[in-house]
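Participant: Take this structure first; my questions come after.
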Amino acid sequence: METFDHKEVEKNAQKKWAELNLYETDLNEESKDPYYLLVEFPYPSGNLHIGHWYAYAVTDIYARMLRMRGKNVLFPIGFDAFGLPAENAAIKHNLNPKEWTYQNIEHMRSQIASIGTSFDWSKEVITCESDYYQWTQWIFTKFFEHGLAEHREAPVKWCPKDQTVLANEQVVDGHCERCGTEIKEKILTQWFLKITNYADRLLEGLEKLPWREEIKEAQRSWIGKSEGSYLEFALVERNEKIRVFTTRPDTVFGATYVVIAPEHPFFSDKQNVALLTNVEEVNAYIDATKKKTERERSENKDKTGVLLMGIQAINPATKEEIPVYVADYVLGSYGTGAVMAVPAHDERDFEFANKMNLEIRQVVTPAHLNTDNSSHPYTGRGVLINSGDFSGRQSEEAMWDIVAKVGGERATQYRIRDWLVSRQRYWGCPIPIVYDPEGKPHTIPAEHLPWVLPTDVDFTPTGESPLASSKELRERVINIFGEGWTPEFDTLDTFVDSSWYFARYLDSKNTHSFSNQVRMKKWLPVDRYSGGSEHTTMHVLYARFFIKALYDLDLVPVDEPFMERFNRGLILGPDGQKMSKSKGNVLNPDEFVQKYGADAVRIYLAFIGPYNEPGNYPWRLEGVASMRKFLDRIVRVVTQASEEEVISDALARSFAQASVKISDDGDRFKFNTAIAALMTLLNEIEKVETISKETARALIKMLAPFAPHLAEYLWENLDGEGSVHSASWPVYDKALLEKREHNVAIQVNGKLRCAVTFALGISEEEVLSTAQALPIIKKTLEGKTIKRVIYIPGKILNLVV
């Protein structure tokens with residue numbers, strides 16, 4: 001069987017593309033429709049793993065396909081280069097974080113090129129370069145000037161080892177995700193971006209976006225808008241009330257206890273604490289809660305809590321005295337930090353009540369049904385029972401009358417919180433703020449931007465922001481602003497850097513503006529953004545907030561950054577488990593590239609499963625080998641191509657169908673079925689002796705997006721003009737796509753006996769006579785009489801005997 005030297009083929013193809021400058025996009029081109037295809041830019045960790053390959057190589061297929069179909073495709077790349085890993089690595093190896101980062105960038109550039117990607121490197125952005133973060137800082141100053149950046153105290157999760165604030169997502173089981181250290185809670189003055197101002201618009205904007213529903217639902221859940229009411233529960237023998245927020249005030253007659261969050265202001269009042277007879281137990285519980293994240297607390301199935309002994313509340317509807325608990329399943333950041341617990345009609349309250357042996361009182365039942373709430377809660381709407389004068393009424397209809405009766409008020413709450421962007425680390429974008437002698441914050445004027453990261457810094461973790469050790473930074477502030485002025489020492493969360501990078505690609509060398517207004521109007525929003533599902537509720541949401549805020553400031557022409565968002569699946573190890581070093585199942589793609597070639601790896605990754613759907617795909621060791629065999633088969637049929645320009649109608653139809661199928665499936669990121677169509681076409685080709693060179697060129701064009709190196713090699717061997725990647729996608733006469741045959745199911749007494757292919761337009765009589773002549777039908781009809789013939793043209797012939 002014919003084969004090829006993939007190492008030589010890859011080297012020559014990549015050299016040719018570089019010489020032709022094939023993938024640099026002219027952003028001002030007017031003769032072609034623009035298409036902005038974006039993949040999340042990488043963190044320069046130092047080595048490409050199989051996840052990088054999956055991210056870039058498969059998306060690259062679509063970029064190549066679109067170019068061949070006549071689009072002016074922007075497919076840029078850069079590096080999300082600030083961040084904690086660089087700083088930790090630098091500390092470990094006694095390097096400057098910048099040196100470590102740029103070494104990795106250089107290495108990763110060559111690795112990304114080895115995949116055969118068609119990225120436009122001329123638009124590259126690197127977020128740690130001052131000509132990029134100058135504009136991150138400028139945008140921050142605009143947010144500050146318009147009340148979207150705020151400086152205030154807040155409790156934070158603190159890693160004692162890394163000596164920095166952690167996002168909730170970076171805490172697992174009370175420990176730092178990165179180093180495993182038990183986290184602490186601290187109160188720090190921090191910078192926040194007011195994403196909560198945009199909660200409703202972020203929700204409303206989802207309605208017009210053609211995203212998959214699970215992506216939109218994840219953002220809706222993160223924003224967490226709830227319509228409900230505030231109700232007040234008076235404390236017994238205390239001139240104080242606990243205010244709760246509830247989305248189900250219609251169930252207040254079933255509230256049998258109250259729960260307050262461990263961080264509730266109740267515990268800051270010494271008089272309240274003095275009433276507790278188990279204060280040590282309560283304080284120990286509160287301290288333990290501080291080591292957990294909000295997500296861990298809300299998702300924990302094992303409910304815990306402590307009774308506040310000495311405190312009781314009064315149900316405003318029943319006037320009964322009910323117990324009060326502190327429990328970590330209630331969050332201080334949501335609602336009022338207190339809930340009325342209705343265990344008969346809320347799953348979390350039900351679990352807690354069962355564990356604590358608390359009363360479960362049913363107050364809503366489905367219409368016309370009696371339900372038993374002893375084994376599970378009923379959370380739906382229905383008819384009120386055990387609800388005083390409201391019993392017998394529909395719960396939803398009576399809800400606001402109940403609120404009025406108990407003196408409550410309507411309210412809307414959100415789960416989302418303002419975005420904490422301060423980080424007590426060195427390797428990040430300096431926050432462009434200085435403080436006057438009275439401690440009031442001021443933005444750095446534009447003429448002093450970029451506000452460069454100082455280099456005379458001891459970035460060994462001490463608990464204080466490393467920039468505080470810079471003598472140059474302090475002197476810089478005094479020289480510009482005067483004695484008594486001090487710098488901000490924190491740096492920005494790296495998610496700030498990545499919230500606008502797609503706009504910078506449009507004019508990455510611009511020294512006068514963060515982007516180009518004319519180009520943004522032409523190229524934004526991004527047509528399709530491909531990335532990991534883990535970024536749905538942070539990075540993608542933050543980018544949407546940024547663009548909406550910049551739109552309000554008349555700085556961008558659109559209010560959504562991404563027209564389409566596609567989340568890819570996850571490649572698992574050969575054992576079917578998520579890859580990790582501890583499990584020993586991490587794959588090095590370089591091994592497979594060396595043995596089978598980059599194109600075989602690309603095609604296997606594209607074939608492994610639908611790219612735009614959430615899914616986990618185990619890596620099959622034999623999969624890449626089988627794809628290499630597929631490519632070798634293509635080499636054989638192309639190598640044997642002749643000068644003869646004859647092609648049968650059947651094969652011409654196969655080419656036409658494959659061209660449309662591959663293109664259509666590519667539009668939907670269904671590359672697995674697109675490759676299946678290419679395989680089917682190859683099977684049809686192999687049924688004939690040889691194909692013409694012209695037909696072989698068409699095959700190579702369809703192969704090109706998937707196996708770009710091999711396609712370039714075969715194109716040159718067939719004397720193709722220029723690069724195959726500059727050629728047009730094969731288009732065929734529509735007549736070839738018209739159905740010329742149909743399958744008819746032959747039944748006897750409704751039972752399928754066989755199926756026969758007939759030409760379009762055949763008469764019922766011809767179908768019947770053909771069917772009766774078939775051996776299987778003859779045998780079935782022996783000794784029987786046809787009483788009736790049912791014929792549905794082109795579908796079914798049923799003989800009733």
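We label chains A, B, ... in the order they appear in the structure tokens, count residues from 1 in each chain, and number ligands from 1 in the order shown.
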Enumerate, as a count of residues only, the complete set of residues in stretch 213-283 of chain A that a backbone-based DSSP assignment places in alpha helix (DSSP H).

Facilitator: 22

Participant: Considering only C-alpha atoms, give me a table of residues in stretch 408-509 of chain A that are at most 12 Å from stretch 293-302 of chain A, with the closest atom pair and distance in Å for each, as CSV.

Facilitator:
residue,atom,partner,partner_atom,distance
A:Arg415,CA,A:Glu294,CA,10.8
A:Ile416,CA,A:Glu294,CA,11.7
A:Arg417,CA,A:Glu294,CA,11.6

Participant: With N, CA and C atoms retained, export the selected residues as an mmCIF file, in the first residue's frame.

Facilitator:
data_model
loop_
_atom_site.group_PDB
_atom_site.id
_atom_site.type_symbol
_atom_site.label_atom_id
_atom_site.label_comp_id
_atom_site.auth_asym_id
_atom_site.auth_seq_id
_atom_site.Cartn_x
_atom_site.Cartn_y
_atom_site.Cartn_z
ATOM 1 N N ARG A 415 -28.217 36.005 42.300
ATOM 2 C CA ARG A 415 -27.123 35.208 42.862
ATOM 3 C C ARG A 415 -25.768 35.834 42.556
ATOM 4 N N ILE A 416 -25.641 36.454 41.399
ATOM 5 C CA ILE A 416 -24.367 37.017 40.967
ATOM 6 C C ILE A 416 -23.922 38.122 41.911
ATOM 7 N N ARG A 417 -22.631 38.206 42.131
ATOM 8 C CA ARG A 417 -22.046 39.239 42.981
ATOM 9 C C ARG A 417 -21.069 40.071 42.161
#

Participant: Neighbouring residues of A:Lys292 were defined as those with any atom within 12 Å, considering only C-alpha atoms; residues of the same chain fewer than 6 positions away were excluded. Please report them as a list in words.

Facilitator: Val156, Lys157, Trp158, Leu166, Ala167, Asn168, Glu169, Gln170, Val171, Val172, Asp173, Gly174, His175, Cys176, Glu182, Ile183, Lys184, Glu185, Pro262, Tyr285, Ile286, Ser298, Glu299, Asn300, Asp328, Tyr329 and Leu331 of chain A

Participant: Set the distance at 7 Å and use only C-alpha atoms: which residues neighbour stretch 488-490 of chain A once local chain neighbours fewer than 3 positions away are removed? I'd like the list as a list in words.

Facilitator: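 Result of the neighbour search: Ser422, Arg423, Gln424, Arg425, Pro430, Ile431, Ile433, Val434, Ser465, Leu467 and Ala468 of chain A.
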
Participant: Take atom CA of A:Ser31 and atom CA of A:Arg64 and report the distance between them in Å, one decimal.

Facilitator: 18.2 Å

Participant: Select, from A:Lys405, A:Lys241, A:His535, A:Lys123, the residue with the minimum atom-to-atom distance to A:Asn272, counting only C-alpha atoms.

Facilitator: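 Checking each of A:Lys405, A:Lys241, A:His535, A:Lys123 against A:Asn272, counting only C-alpha atoms, the winner is A:Lys241.
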
Participant: DSSP on the backbone, strand (DSSP E or B) only: what residues of stretch 461-703 of chain A does that give? Format it as a PyMOL selection string.

Facilitator: chain A and resi 486-487+491-492+526-532+562-568+570-572+616-618+642+692

Participant: Select from stretch 26-136 of chain A every residue with an atom at most 12 Å from any atom of stretch 503-515 of chain A, then for each give the shortest pair of atoms and their distance in Å to one decimal, using only C-alpha atoms, rows by chain and rising number, as a tab-separated table.

Facilitator:
residue	atom	partner	partner_atom	distance
A:Asp26	CA	A:Leu506	CA	10.3
A:Leu27	CA	A:Leu506	CA	7.5
A:Asn28	CA	A:Leu506	CA	10.3
A:Tyr36	CA	A:Leu506	CA	10.0
A:Leu37	CA	A:Tyr505	CA	11.6
A:Leu38	CA	A:Tyr505	CA	10.2
A:Phe41	CA	A:Tyr505	CA	11.3
A:Leu74	CA	A:Leu506	CA	9.0
A:Phe75	CA	A:Tyr505	CA	9.5
A:Pro76	CA	A:Tyr505	CA	6.9
A:Ile77	CA	A:Tyr505	CA	8.3
A:Gly78	CA	A:Tyr505	CA	8.6
A:Phe79	CA	A:Tyr505	CA	11.6
A:Phe119	CA	A:Tyr505	CA	11.9
A:Asp120	CA	A:Tyr505	CA	9.8
A:Trp121	CA	A:Tyr505	CA	10.0
A:Ser122	CA	A:Ser508	CA	8.7
A:Lys123	CA	A:Tyr505	CA	5.4
A:Glu124	CA	A:Tyr505	CA	6.8
A:Val125	CA	A:Ser508	CA	6.4
A:Ile126	CA	A:Ser508	CA	9.6
A:Thr127	CA	A:Arg504	CA	10.2
A:Glu129	CA	A:Ser508	CA	11.4
A:Ser130	CA	A:Thr511	CA	10.8
A:Asp131	CA	A:Thr511	CA	7.4
A:Tyr132	CA	A:Ser508	CA	8.0
A:Tyr133	CA	A:Phe514	CA	9.6
A:Gln134	CA	A:Phe514	CA	8.5
A:Trp135	CA	A:Phe514	CA	5.4
A:Thr136	CA	A:Phe514	CA	8.2

Participant: Next, the residues of the selection above should be written as a short mmCIF file (atom, residue, chain, number, x, y, z; two decimals), in the first residue's frame with N, CA, C and O atoms.

Facilitator:
data_model
loop_
_atom_site.label_atom_id
_atom_site.label_comp_id
_atom_site.auth_asym_id
_atom_site.auth_seq_id
_atom_site.Cartn_x
_atom_site.Cartn_y
_atom_site.Cartn_z
N ASP A 26 -6.33 40.25 5.60
CA ASP A 26 -6.47 41.67 5.29
C ASP A 26 -7.80 42.13 5.88
O ASP A 26 -8.87 41.84 5.35
N LEU A 27 -7.73 42.84 7.00
CA LEU A 27 -8.95 43.23 7.71
C LEU A 27 -9.75 44.29 6.97
O LEU A 27 -10.92 44.54 7.30
N ASN A 28 -9.14 44.89 5.95
CA ASN A 28 -9.84 45.93 5.18
C ASN A 28 -10.38 45.41 3.85
O ASN A 28 -10.95 46.17 3.07
N TYR A 36 -15.25 36.07 11.53
CA TYR A 36 -14.33 36.10 12.67
C TYR A 36 -14.52 34.80 13.46
O TYR A 36 -15.51 34.61 14.14
N LEU A 37 -13.54 33.92 13.33
CA LEU A 37 -13.53 32.64 14.05
C LEU A 37 -12.49 32.73 15.16
O LEU A 37 -11.33 33.01 14.90
N LEU A 38 -12.93 32.48 16.38
CA LEU A 38 -12.05 32.68 17.53
C LEU A 38 -12.01 31.43 18.40
O LEU A 38 -13.04 30.79 18.64
N PHE A 41 -7.58 31.92 23.69
CA PHE A 41 -6.12 31.93 23.61
C PHE A 41 -5.53 31.23 24.84
O PHE A 41 -6.10 31.24 25.92
N LEU A 74 -10.84 35.70 9.71
CA LEU A 74 -9.89 36.11 10.74
C LEU A 74 -9.83 35.00 11.78
O LEU A 74 -10.84 34.67 12.41
N PHE A 75 -8.66 34.41 11.93
CA PHE A 75 -8.45 33.30 12.86
C PHE A 75 -7.17 33.59 13.64
O PHE A 75 -6.11 33.05 13.36
N PRO A 76 -7.24 34.47 14.65
CA PRO A 76 -6.04 34.95 15.33
C PRO A 76 -5.66 34.10 16.55
O PRO A 76 -6.40 33.23 16.98
N ILE A 77 -4.51 34.41 17.08
CA ILE A 77 -3.99 33.68 18.24
C ILE A 77 -3.14 34.63 19.07
O ILE A 77 -2.60 35.61 18.56
N GLY A 78 -3.04 34.34 20.36
CA GLY A 78 -2.20 35.14 21.26
C GLY A 78 -1.99 34.36 22.54
O GLY A 78 -2.20 33.14 22.58
N PHE A 79 -1.60 35.05 23.61
CA PHE A 79 -1.31 34.38 24.87
C PHE A 79 -1.87 35.17 26.04
O PHE A 79 -1.65 36.38 26.17
N PHE A 119 -3.42 29.83 11.96
CA PHE A 119 -3.59 31.06 12.71
C PHE A 119 -2.90 32.23 12.01
O PHE A 119 -1.86 32.07 11.38
N ASP A 120 -3.48 33.41 12.20
CA ASP A 120 -2.86 34.65 11.73
C ASP A 120 -2.00 35.20 12.87
O ASP A 120 -2.50 35.88 13.76
N TRP A 121 -0.72 34.89 12.84
CA TRP A 121 0.19 35.31 13.92
C TRP A 121 0.50 36.80 13.88
O TRP A 121 1.00 37.36 14.86
N SER A 122 0.21 37.46 12.76
CA SER A 122 0.52 38.89 12.67
C SER A 122 -0.37 39.72 13.60
O SER A 122 -0.05 40.87 13.90
N LYS A 123 -1.47 39.14 14.06
CA LYS A 123 -2.39 39.86 14.96
C LYS A 123 -2.15 39.49 16.42
O LYS A 123 -2.94 39.87 17.28
N GLU A 124 -1.09 38.74 16.69
CA GLU A 124 -0.85 38.19 18.03
C GLU A 124 -0.94 39.24 19.13
O GLU A 124 -0.43 40.36 19.00
N VAL A 125 -1.61 38.89 20.22
CA VAL A 125 -1.60 39.72 21.43
C VAL A 125 -1.03 38.90 22.58
O VAL A 125 -1.26 37.69 22.67
N ILE A 126 -0.27 39.56 23.43
CA ILE A 126 0.28 38.94 24.63
C ILE A 126 -0.08 39.85 25.79
O ILE A 126 0.37 40.99 25.86
N THR A 127 -0.90 39.36 26.70
CA THR A 127 -1.52 40.25 27.69
C THR A 127 -0.53 40.84 28.69
O THR A 127 -0.84 41.84 29.33
N GLU A 129 2.35 42.13 27.86
CA GLU A 129 3.14 43.19 27.23
C GLU A 129 2.48 44.54 27.52
O GLU A 129 1.26 44.67 27.47
N SER A 130 3.32 45.53 27.75
CA SER A 130 2.80 46.84 28.17
C SER A 130 1.92 47.50 27.12
O SER A 130 1.00 48.24 27.47
N ASP A 131 2.17 47.19 25.83
CA ASP A 131 1.32 47.81 24.81
C ASP A 131 -0.07 47.17 24.77
O ASP A 131 -0.97 47.68 24.11
N TYR A 132 -0.23 46.04 25.46
CA TYR A 132 -1.57 45.47 25.63
C TYR A 132 -2.17 45.94 26.94
O TYR A 132 -3.28 46.48 26.98
N TYR A 133 -1.45 45.75 28.06
CA TYR A 133 -2.09 46.06 29.35
C TYR A 133 -2.25 47.56 29.57
O TYR A 133 -3.01 47.98 30.45
N GLN A 134 -1.59 48.38 28.76
CA GLN A 134 -1.89 49.82 28.77
C GLN A 134 -3.39 50.05 28.56
O GLN A 134 -4.01 50.88 29.22
N TRP A 135 -3.97 49.26 27.65
CA TRP A 135 -5.38 49.46 27.31
C TRP A 135 -6.31 48.73 28.28
O TRP A 135 -7.45 49.16 28.47
N THR A 136 -5.82 47.66 28.91
CA THR A 136 -6.57 47.07 30.02
C THR A 136 -6.71 48.11 31.13
O THR A 136 -7.78 48.29 31.71
#

Participant: When you count only C-alpha atoms, which of these residues is closest to A:Asn672: A:Leu358, A:Ala656, A:Pro730, A:Ile608?

Facilitator: A:Ile608

Participant: Ranking A:Ile260, A:Leu48, A:Ile685, A:Ala89 by minimum distance to A:Met108 and counting only C-alpha atoms, which one comes first?

Facilitator: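 Comparing A:Ile260, A:Leu48, A:Ile685, A:Ala89 against A:Met108, the winner is A:Leu48.
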
Participant: A:Ser763: which residues within 12 Å, counting only C-alpha atoms, same-chain residues fewer than 2 positions away excluded, as a list of chain:residue names?

Facilitator: A:Phe758, A:Ala759, A:Leu760, A:Gly761, A:Glu765, A:Glu766, A:Val767, A:Leu768, A:Ser769, A:Thr770, A:Tyr791, A:Ile792, A:Pro793, A:Gly794, A:Leu797

Participant: Just C-alpha atoms for this one: save the residues we selected as a PDB file, in the first residue's frame.

Facilitator:
ATOM      1  CA  PHE A 758     -36.544   1.730  -7.873  1.00  0.00           C
ATOM      2  CA  ALA A 759     -36.024   4.642 -10.248  1.00  0.00           C
ATOM      3  CA  LEU A 760     -38.062   7.755  -9.542  1.00  0.00           C
ATOM      4  CA  GLY A 761     -41.380   7.850 -11.406  1.00  0.00           C
ATOM      5  CA  GLU A 765     -47.888  -1.787 -11.705  1.00  0.00           C
ATOM      6  CA  GLU A 766     -44.123  -2.023 -12.301  1.00  0.00           C
ATOM      7  CA  VAL A 767     -43.390  -2.055  -8.571  1.00  0.00           C
ATOM      8  CA  LEU A 768     -46.021  -4.783  -8.016  1.00  0.00           C
ATOM      9  CA  SER A 769     -44.777  -7.009 -10.840  1.00  0.00           C
ATOM     10  CA  THR A 770     -41.165  -6.628  -9.701  1.00  0.00           C
ATOM     11  CA  TYR A 791     -49.043   1.342  -2.313  1.00  0.00           C
ATOM     12  CA  ILE A 792     -47.570   4.539  -0.914  1.00  0.00           C
ATOM     13  CA  PRO A 793     -45.466   5.886  -3.822  1.00  0.00           C
ATOM     14  CA  GLY A 794     -41.757   5.697  -3.216  1.00  0.00           C
ATOM     15  CA  LEU A 797     -45.898  -1.714  -1.047  1.00  0.00           C
TER      16      LEU A 797
END

Participant: Considering only C-alpha atoms, return as a PyMOL selection string whatever protein or nucleic-acid residues lie within 9 Å of A:Asp401, sequence-local ones (same chain, fewer than 5 positions apart) excluded.

Facilitator: chain A and resi 250+390+406

Participant: Choose the residue, out of A:Glu409, A:Glu204, A:Asp667, A:Asp493, that has the smallest atom-to-atom separation from A:Tyr611; count only C-alpha atoms.

Facilitator: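 Using only C-alpha atoms, the shortest distance to A:Tyr611 belongs to A:Asp667.
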